[in-house]
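Novice: I am sharing query.pdb, which consists of PDB, C-alpha atoms:
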```pdb
ATOM      1  CA  ALA A  22       6.736 -21.233  -9.684
ATOM      2  CA  PRO A  23       4.903 -22.088  -6.449
ATOM      3  CA  SER A  24       5.790 -25.536  -5.169
ATOM      4  CA  GLY A  25       2.567 -26.211  -3.256
ATOM      5  CA  ARG A  26       4.651 -27.012  -0.188
ATOM      6  CA  THR A  27       3.917 -25.665   3.262
ATOM      7  CA  ALA A  28       6.563 -24.293   5.608
ATOM      8  CA  THR A  29       5.960 -23.693   9.289
ATOM      9  CA  LEU A  30       8.471 -21.393  10.959
ATOM     10  CA  THR A  31       8.102 -21.402  14.729
ATOM     11  CA  VAL A  32      11.422 -19.809  15.641
ATOM     12  CA  PRO A  33      11.020 -16.109  16.547
ATOM     13  CA  GLY A  34      13.004 -13.920  14.192
ATOM     14  CA  ALA A  35      13.038 -16.390  11.277
ATOM     15  CA  THR A  36      14.360 -14.906   8.027
ATOM     16  CA  ILE A  37      13.375 -15.526   4.410
ATOM     17  CA  ALA A  38      15.744 -13.784   2.001
ATOM     18  CA  ALA A  39      15.734 -14.103  -1.776
ATOM     19  CA  GLN A  40      17.792 -12.635  -4.562
ATOM     20  CA  ASN A  41      15.386 -13.285  -7.359
ATOM     21  CA  GLN A  42      16.430 -12.551 -10.930
ATOM     22  CA  SER A  43      12.928 -12.678 -12.412
ATOM     23  CA  LEU A  44       9.514 -11.134 -11.813
ATOM     24  CA  ALA A  45       8.621 -13.043  -8.671
ATOM     25  CA  TYR A  46       8.032 -12.938  -4.950
ATOM     26  CA  SER A  47      10.184 -13.956  -2.051
ATOM     27  CA  LEU A  48       7.096 -15.458  -0.401
ATOM     28  CA  SER A  49       3.613 -16.165  -1.778
ATOM     29  CA  VAL A  50       1.005 -16.976   0.881
ATOM     30  CA  GLY A  51      -2.256 -18.912   0.761
ATOM     31  CA  ASP A  52      -5.661 -18.182   2.289
ATOM     32  CA  ASN A  53      -5.952 -17.805   6.088
ATOM     33  CA  VAL A  54      -2.189 -17.493   6.642
ATOM     34  CA  THR A  55      -0.533 -15.486   9.422
ATOM     35  CA  LEU A  56       2.992 -14.105   9.090
ATOM     36  CA  ARG A  57       4.252 -12.876  12.446
ATOM     37  CA  GLY A  58       7.692 -11.817  13.665
ATOM     38  CA  LEU A  59       9.586 -12.638  10.459
ATOM     39  CA  THR A  60      12.127 -10.827   8.322
ATOM     40  CA  ILE A  61      11.359 -11.209   4.615
ATOM     41  CA  SER A  62      13.292  -9.645   1.752
ATOM     42  CA  ASN A  63      13.734  -9.884  -1.981
ATOM     43  CA  SER A  64      16.537  -8.142  -3.851
ATOM     44  CA  ASN A  65      16.962  -8.032  -7.600
ATOM     45  CA  ALA A  66      19.730  -6.348  -9.581
ATOM     46  CA  ASP A  67      18.185  -6.702 -13.063
ATOM     47  CA  GLY A  68      15.405  -4.760 -14.785
ATOM     48  CA  THR A  69      12.335  -6.641 -13.587
ATOM     49  CA  GLY A  70      10.046  -5.658 -10.717
ATOM     50  CA  THR A  71      10.851  -7.181  -7.350
ATOM     51  CA  PHE A  72       8.214  -8.121  -4.781
ATOM     52  CA  ALA A  73       8.787  -9.369  -1.245
ATOM     53  CA  VAL A  74       5.386 -10.843  -0.234
ATOM     54  CA  SER A  75       2.423 -11.782  -2.420
ATOM     55  CA  ALA A  76      -1.041 -12.124  -0.905
ATOM     56  CA  GLN A  77      -2.631 -11.417  -4.263
ATOM     57  CA  GLY A  78      -6.183 -12.784  -4.499
ATOM     58  CA  ARG A  79      -6.034 -14.281  -0.990
ATOM     59  CA  SER A  80      -8.516 -14.132   1.882
ATOM     60  CA  GLY A  81      -7.981 -13.981   5.640
ATOM     61  CA  VAL A  82      -4.253 -13.176   5.548
ATOM     62  CA  THR A  83      -2.648 -11.456   8.544
ATOM     63  CA  ILE A  84       0.840  -9.939   8.364
ATOM     64  CA  GLU A  85       1.997  -8.451  11.654
ATOM     65  CA  ASN A  86       5.149  -7.483  13.503
ATOM     66  CA  THR A  87       7.210  -8.434  10.448
ATOM     67  CA  THR A  88      10.004  -6.634   8.602
ATOM     68  CA  ILE A  89       9.532  -6.770   4.824
ATOM     69  CA  THR A  90      11.826  -5.316   2.141
ATOM     70  CA  GLY A  91      11.480  -5.318  -1.640
ATOM     71  CA  PHE A  92      14.455  -3.920  -3.601
ATOM     72  CA  GLY A  93      14.579  -3.763  -7.387
ATOM     73  CA  ALA A  94      17.683  -1.969  -8.616
ATOM     74  CA  THR A  95      16.295  -0.899 -12.001
ATOM     75  CA  GLY A  96      12.870  -2.571 -12.106
ATOM     76  CA  GLY A  97      11.221  -1.231  -8.966
ATOM     77  CA  GLY A  98      10.595  -2.665  -5.513
ATOM     78  CA  VAL A  99       7.348  -3.613  -3.729
ATOM     79  CA  ALA A 100       7.026  -4.773  -0.118
ATOM     80  CA  ILE A 101       3.490  -6.324  -0.129
ATOM     81  CA  ASP A 102       1.244  -7.168  -3.071
ATOM     82  CA  ALA A 103      -2.341  -7.356  -1.754
ATOM     83  CA  ILE A 104      -4.188  -6.895  -5.067
ATOM     84  CA  ASN A 105      -7.691  -8.465  -5.007
ATOM     85  CA  SER A 106      -7.273  -9.722  -1.433
ATOM     86  CA  THR A 107     -10.184  -9.845   1.041
ATOM     87  CA  ASN A 108     -10.333  -9.537   4.822
ATOM     88  CA  MET A 109      -6.601  -8.898   5.111
ATOM     89  CA  VAL A 110      -4.782  -7.326   8.081
ATOM     90  CA  ILE A 111      -1.377  -5.637   7.723
ATOM     91  CA  ARG A 112      -0.456  -4.409  11.217
ATOM     92  CA  GLY A 113       2.632  -3.346  13.171
ATOM     93  CA  ASN A 114       5.138  -3.982  10.388
ATOM     94  CA  VAL A 115       8.260  -2.268   9.122
ATOM     95  CA  LEU A 116       7.893  -2.163   5.326
ATOM     96  CA  THR A 117      10.559  -0.923   2.917
ATOM     97  CA  ALA A 118      10.339  -0.541  -0.857
ATOM     98  CA  ARG A 119      13.486   0.589  -2.651
ATOM     99  CA  SER A 120      14.889   1.024  -6.121
ATOM    100  CA  ASP A 121      17.882   2.777  -7.588
ATOM    101  CA  THR A 122      16.000   4.244 -10.556
ATOM    102  CA  ALA A 123      12.455   2.845 -10.881
ATOM    103  CA  GLY A 124       9.362   3.156  -8.667
ATOM    104  CA  ALA A 125       9.027   1.981  -5.080
ATOM    105  CA  ILE A 126       5.657   0.836  -3.669
ATOM    106  CA  GLY A 127       4.983  -0.099  -0.051
ATOM    107  CA  ILE A 128       1.610  -1.873  -0.519
ATOM    108  CA  ARG A 129      -0.422  -2.568  -3.690
ATOM    109  CA  THR A 130      -4.146  -2.761  -2.858
ATOM    110  CA  ASN A 131      -6.031  -2.554  -6.181
ATOM    111  CA  GLY A 132      -9.340  -4.397  -5.778
ATOM    112  CA  ALA A 133      -8.690  -5.333  -2.135
ATOM    113  CA  ALA A 134     -11.859  -5.615  -0.013
ATOM    114  CA  ASN A 135     -12.028  -4.973   3.735
ATOM    115  CA  ILE A 136      -8.276  -4.537   4.123
ATOM    116  CA  THR A 137      -6.882  -3.154   7.386
ATOM    117  CA  ILE A 138      -3.545  -1.319   7.288
ATOM    118  CA  ALA A 139      -2.628  -0.170  10.809
ATOM    119  CA  ASP A 140       0.383   0.872  12.886
ATOM    120  CA  ASN A 141       2.939   0.247  10.127
ATOM    121  CA  ARG A 142       6.116   2.140   9.305
ATOM    122  CA  ILE A 143       6.393   2.324   5.499
ATOM    123  CA  THR A 144       9.612   3.580   3.904
ATOM    124  CA  THR A 145       9.984   4.278   0.187
ATOM    125  CA  SER A 146      13.323   5.184  -1.329
ATOM    126  CA  THR A 147      14.120   5.702  -5.005
ATOM    127  CA  ALA A 148      15.074   8.281  -7.612
ATOM    128  CA  GLY A 149      11.763   7.318  -9.279
ATOM    129  CA  VAL A 150       8.184   7.592  -7.993
ATOM    130  CA  GLN A 151       7.735   6.787  -4.294
ATOM    131  CA  THR A 152       4.297   5.372  -3.471
ATOM    132  CA  VAL A 153       3.387   4.297   0.052
ATOM    133  CA  ILE A 154       0.050   2.702  -0.947
ATOM    134  CA  VAL A 155      -1.458   2.318  -4.412
ATOM    135  CA  GLY A 156      -5.034   1.245  -5.172
ATOM    136  CA  ASN A 157      -8.184   2.061  -7.103
ATOM    137  CA  ASN A 158     -11.934   2.670  -6.739
ATOM    138  CA  THR A 159     -12.600  -1.027  -6.020
ATOM    139  CA  THR A 160     -10.324  -0.934  -2.953
ATOM    140  CA  SER A 161     -12.140  -0.805   0.402
ATOM    141  CA  PHE A 162     -10.303  -0.078   3.644
ATOM    142  CA  ASN A 163     -11.494  -1.154   7.081
ATOM    143  CA  ALA A 164     -12.124   1.775   9.460
ATOM    144  CA  ALA A 165      -9.346   0.437  11.750
ATOM    145  CA  SER A 166      -6.728   1.494   9.147
ATOM    146  CA  THR A 167      -4.964   4.051  11.355
ATOM    147  CA  GLY A 168      -1.673   4.884  13.072
ATOM    148  CA  ASN A 169       0.709   4.414  10.123
ATOM    149  CA  THR A 170       3.878   6.416   9.475
ATOM    150  CA  ALA A 171       5.324   7.170   6.036
ATOM    151  CA  VAL A 172       9.104   7.634   5.829
ATOM    152  CA  GLY A 173      10.525   9.392   2.786
ATOM    153  CA  THR A 174       8.650  11.486   0.258
ATOM    154  CA  GLY A 175       6.147   8.788  -0.716
ATOM    155  CA  THR A 176       2.500   9.524  -1.409
ATOM    156  CA  CYS A 177      -0.685   7.520  -1.788
ATOM    157  CA  SER A 178      -1.821   6.865  -5.354
ATOM    158  CA  PHE A 179      -5.498   6.317  -6.133
ATOM    159  CA  PRO A 180      -6.573   7.404  -9.641
ATOM    160  CA  THR A 181     -10.162   7.146  -8.376
ATOM    161  CA  ALA A 182     -11.165   7.229  -4.713
ATOM    162  CA  PRO A 183     -11.437   3.959  -2.765
ATOM    163  CA  THR A 184     -13.960   3.231  -0.034
ATOM    164  CA  GLY A 185     -12.510   4.408   3.278
ATOM    165  CA  SER A 186      -9.008   5.662   3.922
ATOM    166  CA  VAL A 187      -5.716   4.800   5.599
ATOM    167  CA  GLY A 188      -4.640   6.993   8.513
ATOM    168  CA  PHE A 189      -1.059   8.222   8.662
ATOM    169  CA  THR A 190       0.589  10.471  11.225
ATOM    170  CA  ASN A 191       2.185  12.506   8.426
ATOM    171  CA  LEU A 192       0.272  11.828   5.184
ATOM    172  CA  SER A 193      -3.300  11.952   3.849
ATOM    173  CA  CYS A 194      -4.265   8.684   2.191
ATOM    174  CA  PRO A 195      -6.108   9.036  -0.063
TER     175      PRO A 195
END
```
Before anything else, please render the file you have as structure tokens.
Specialist:
Amino acid sequence: APSGRTATLTVPGATIAAQNQSLAYSLSVGDNVTLRGLTISNSNADGTGTFAVSAQGRSGVTIENTTITGFGATGGGVAIDAINSTNMVIRGNVLTARSDTAGAIGIRTNGAANITIADNRITTSTAGVQTVIVGNNTTSFNAASTGNTAVGTGTCSFPTAPTGSVGFTNLSCP
């Protein structure tokens, strides 16, 4: 459960690593937070989903030049959860979502408004479904969402079209 405490990391290359054995995040951010130059990971060997960073329902979050990994052995892995966020920027990151058998999702964006996803390298790796970005018709992408690279066989998943798109060098999204 969130502690309500605030941590300020001013050392370049700071690392936050969790091995969480429940449905949780390695790091959950508040409104108007910037994550820059960090390494954040969450690894889980049991059957629950594993998330690295949660910005769910937040506004004004910037995540840039950060390495983020979510690994769920049998429950799926997610790098960034940005569901229902507003005015968020995800730029210049190395994102990895992995699982041995379940799905892997780089970024969840359902209901996100004015989200910018630019210049990221997103890797998905699993025997299950590989999804680089997932969202829905209430997701709206900023026009600056360009320059991304997908590594692996991941696709974008939007059951209904969002507003805008995310530019990849090697993938159409959506």
Novice: Residues near range 61-76 of chain A, anyone? I mean within 7 Å using all atoms listed in the file, not counting same-chain ones fewer than 3 positions away, as number ranges by chain.
Specialist: A: 36-50, 79, 88-103, 106
Novice: Any chance you could work out the residue set of the PyMOL selection byres ((chain A and resi 131-147) around 7) here, as a VMD selection string?
Specialist: chain A and resid 103 to 127 129 to 130 148 to 153 155 to 157 159 to 163 165 to 173 175 187
Novice: Between A:Ser186, A:Asn191, A:Thr176, A:Ser80, which residue has the minimum interatomic distance to Gly51 in chain A, considering all atoms listed in the file?
Specialist: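 Distance minimum relative to Gly51 in chain A lands on A:Ser80.
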Novice: What gap, in Å, lies between CA of Ala164 in chain A and CA of Thr60 in chain A?
Specialist: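 Distance between the two atoms: 27.4 Å.
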Novice: Which distance in Å separates CA of Thr83 in chain A and CA of Val54 in chain A, to one decimal?
Specialist: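 For CA of Thr83 in chain A relative to CA of Val54 in chain A, the distance reads 6.3 Å.
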Novice: Out of A:Thr55, A:Asn158, A:Ala35, A:Val82, which residue has the shortest atom-to-atom distance to Gly185 in chain A when counting all atoms listed in the file?
Specialist: A:Asn158
Novice: Rounded to one decimal in Å, what is the spacing between CA of Ile154 in chain A and CA of Ile84 in chain A?
Specialist: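 Between these atoms lies a distance of 15.7 Å.
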Novice: Supply range 141-152 of chain A as an mmCIF file, in the frame of the given file, with all heavy atoms built in where the input has gaps.
Specialist:
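Dumped to part-v5.cif:
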```
data_model
loop_
_atom_site.group_PDB
_atom_site.id
_atom_site.type_symbol
_atom_site.label_atom_id
_atom_site.label_comp_id
_atom_site.auth_asym_id
_atom_site.auth_seq_id
_atom_site.Cartn_x
_atom_site.Cartn_y
_atom_site.Cartn_z
ATOM 1 N N ASN A 141 1.768 0.637 10.894
ATOM 2 C CA ASN A 141 2.939 0.247 10.127
ATOM 3 C C ASN A 141 3.863 1.440 9.920
ATOM 4 O O ASN A 141 3.427 2.588 9.912
ATOM 5 C CB ASN A 141 2.522 -0.282 8.746
ATOM 6 C CG ASN A 141 1.643 -1.495 8.851
ATOM 7 O OD1 ASN A 141 2.115 -2.569 9.197
ATOM 8 N ND2 ASN A 141 0.363 -1.333 8.581
ATOM 9 N N ARG A 142 5.127 1.140 9.706
ATOM 10 C CA ARG A 142 6.116 2.140 9.305
ATOM 11 C C ARG A 142 6.517 1.765 7.884
ATOM 12 O O ARG A 142 7.106 0.690 7.663
ATOM 13 C CB ARG A 142 7.313 2.106 10.239
ATOM 14 C CG ARG A 142 8.394 3.096 9.899
ATOM 15 C CD ARG A 142 9.544 2.972 10.916
ATOM 16 N NE ARG A 142 10.653 3.790 10.542
ATOM 17 C CZ ARG A 142 10.838 5.047 10.930
ATOM 18 N NH1 ARG A 142 9.940 5.616 11.708
ATOM 19 N NH2 ARG A 142 11.901 5.725 10.539
ATOM 20 N N ILE A 143 6.175 2.638 6.910
ATOM 21 C CA ILE A 143 6.393 2.324 5.499
ATOM 22 C C ILE A 143 7.402 3.306 4.919
ATOM 23 O O ILE A 143 7.161 4.511 4.864
ATOM 24 C CB ILE A 143 5.076 2.375 4.703
ATOM 25 C CG1 ILE A 143 4.035 1.440 5.338
ATOM 26 C CG2 ILE A 143 5.331 2.004 3.240
ATOM 27 C CD1 ILE A 143 2.644 1.559 4.738
ATOM 28 N N THR A 144 8.546 2.764 4.475
ATOM 29 C CA THR A 144 9.612 3.580 3.904
ATOM 30 C C THR A 144 9.706 3.310 2.416
ATOM 31 O O THR A 144 9.739 2.144 1.984
ATOM 32 C CB THR A 144 10.973 3.234 4.555
ATOM 33 O OG1 THR A 144 10.882 3.469 5.962
ATOM 34 C CG2 THR A 144 12.097 4.069 3.966
ATOM 35 N N THR A 145 9.746 4.394 1.626
ATOM 36 C CA THR A 145 9.984 4.278 0.187
ATOM 37 C C THR A 145 11.235 5.085 -0.134
ATOM 38 O O THR A 145 11.434 6.175 0.395
ATOM 39 C CB THR A 145 8.786 4.809 -0.630
ATOM 40 O OG1 THR A 145 8.482 6.125 -0.210
ATOM 41 C CG2 THR A 145 7.575 3.907 -0.446
ATOM 42 N N SER A 146 12.074 4.523 -0.997
ATOM 43 C CA SER A 146 13.323 5.184 -1.329
ATOM 44 C C SER A 146 13.698 4.856 -2.767
ATOM 45 O O SER A 146 13.899 3.686 -3.107
ATOM 46 C CB SER A 146 14.420 4.706 -0.374
ATOM 47 O OG SER A 146 15.662 5.239 -0.742
ATOM 48 N N THR A 147 13.760 5.884 -3.608
ATOM 49 C CA THR A 147 14.120 5.702 -5.005
ATOM 50 C C THR A 147 14.298 7.059 -5.669
ATOM 51 O O THR A 147 13.787 8.063 -5.181
ATOM 52 C CB THR A 147 13.043 4.908 -5.777
ATOM 53 O OG1 THR A 147 13.455 4.744 -7.139
ATOM 54 C CG2 THR A 147 11.698 5.604 -5.754
ATOM 55 N N ALA A 148 15.003 7.080 -6.796
ATOM 56 C CA ALA A 148 15.074 8.281 -7.612
ATOM 57 C C ALA A 148 13.798 8.409 -8.448
ATOM 58 O O ALA A 148 13.500 9.465 -8.986
ATOM 59 C CB ALA A 148 16.302 8.227 -8.521
ATOM 60 N N GLY A 149 13.020 7.319 -8.534
ATOM 61 C CA GLY A 149 11.763 7.318 -9.279
ATOM 62 C C GLY A 149 10.597 7.704 -8.378
ATOM 63 O O GLY A 149 10.760 8.375 -7.364
ATOM 64 N N VAL A 150 9.405 7.264 -8.732
ATOM 65 C CA VAL A 150 8.184 7.592 -7.993
ATOM 66 C C VAL A 150 8.111 6.767 -6.710
ATOM 67 O O VAL A 150 8.255 5.542 -6.734
ATOM 68 C CB VAL A 150 6.931 7.343 -8.863
ATOM 69 C CG1 VAL A 150 5.668 7.606 -8.073
ATOM 70 C CG2 VAL A 150 6.976 8.206 -10.119
ATOM 71 N N GLN A 151 7.872 7.437 -5.591
ATOM 72 C CA GLN A 151 7.735 6.787 -4.294
ATOM 73 C C GLN A 151 6.252 6.745 -3.929
ATOM 74 O O GLN A 151 5.625 7.780 -3.764
ATOM 75 C CB GLN A 151 8.500 7.549 -3.220
ATOM 76 C CG GLN A 151 9.992 7.580 -3.463
ATOM 77 C CD GLN A 151 10.711 8.321 -2.363
ATOM 78 O OE1 GLN A 151 10.403 8.143 -1.194
ATOM 79 N NE2 GLN A 151 11.673 9.146 -2.734
ATOM 80 N N THR A 152 5.708 5.528 -3.780
ATOM 81 C CA THR A 152 4.297 5.372 -3.471
ATOM 82 C C THR A 152 4.160 4.492 -2.236
ATOM 83 O O THR A 152 4.564 3.331 -2.242
ATOM 84 C CB THR A 152 3.535 4.729 -4.655
ATOM 85 O OG1 THR A 152 3.825 5.475 -5.845
ATOM 86 C CG2 THR A 152 2.049 4.741 -4.395
#
```
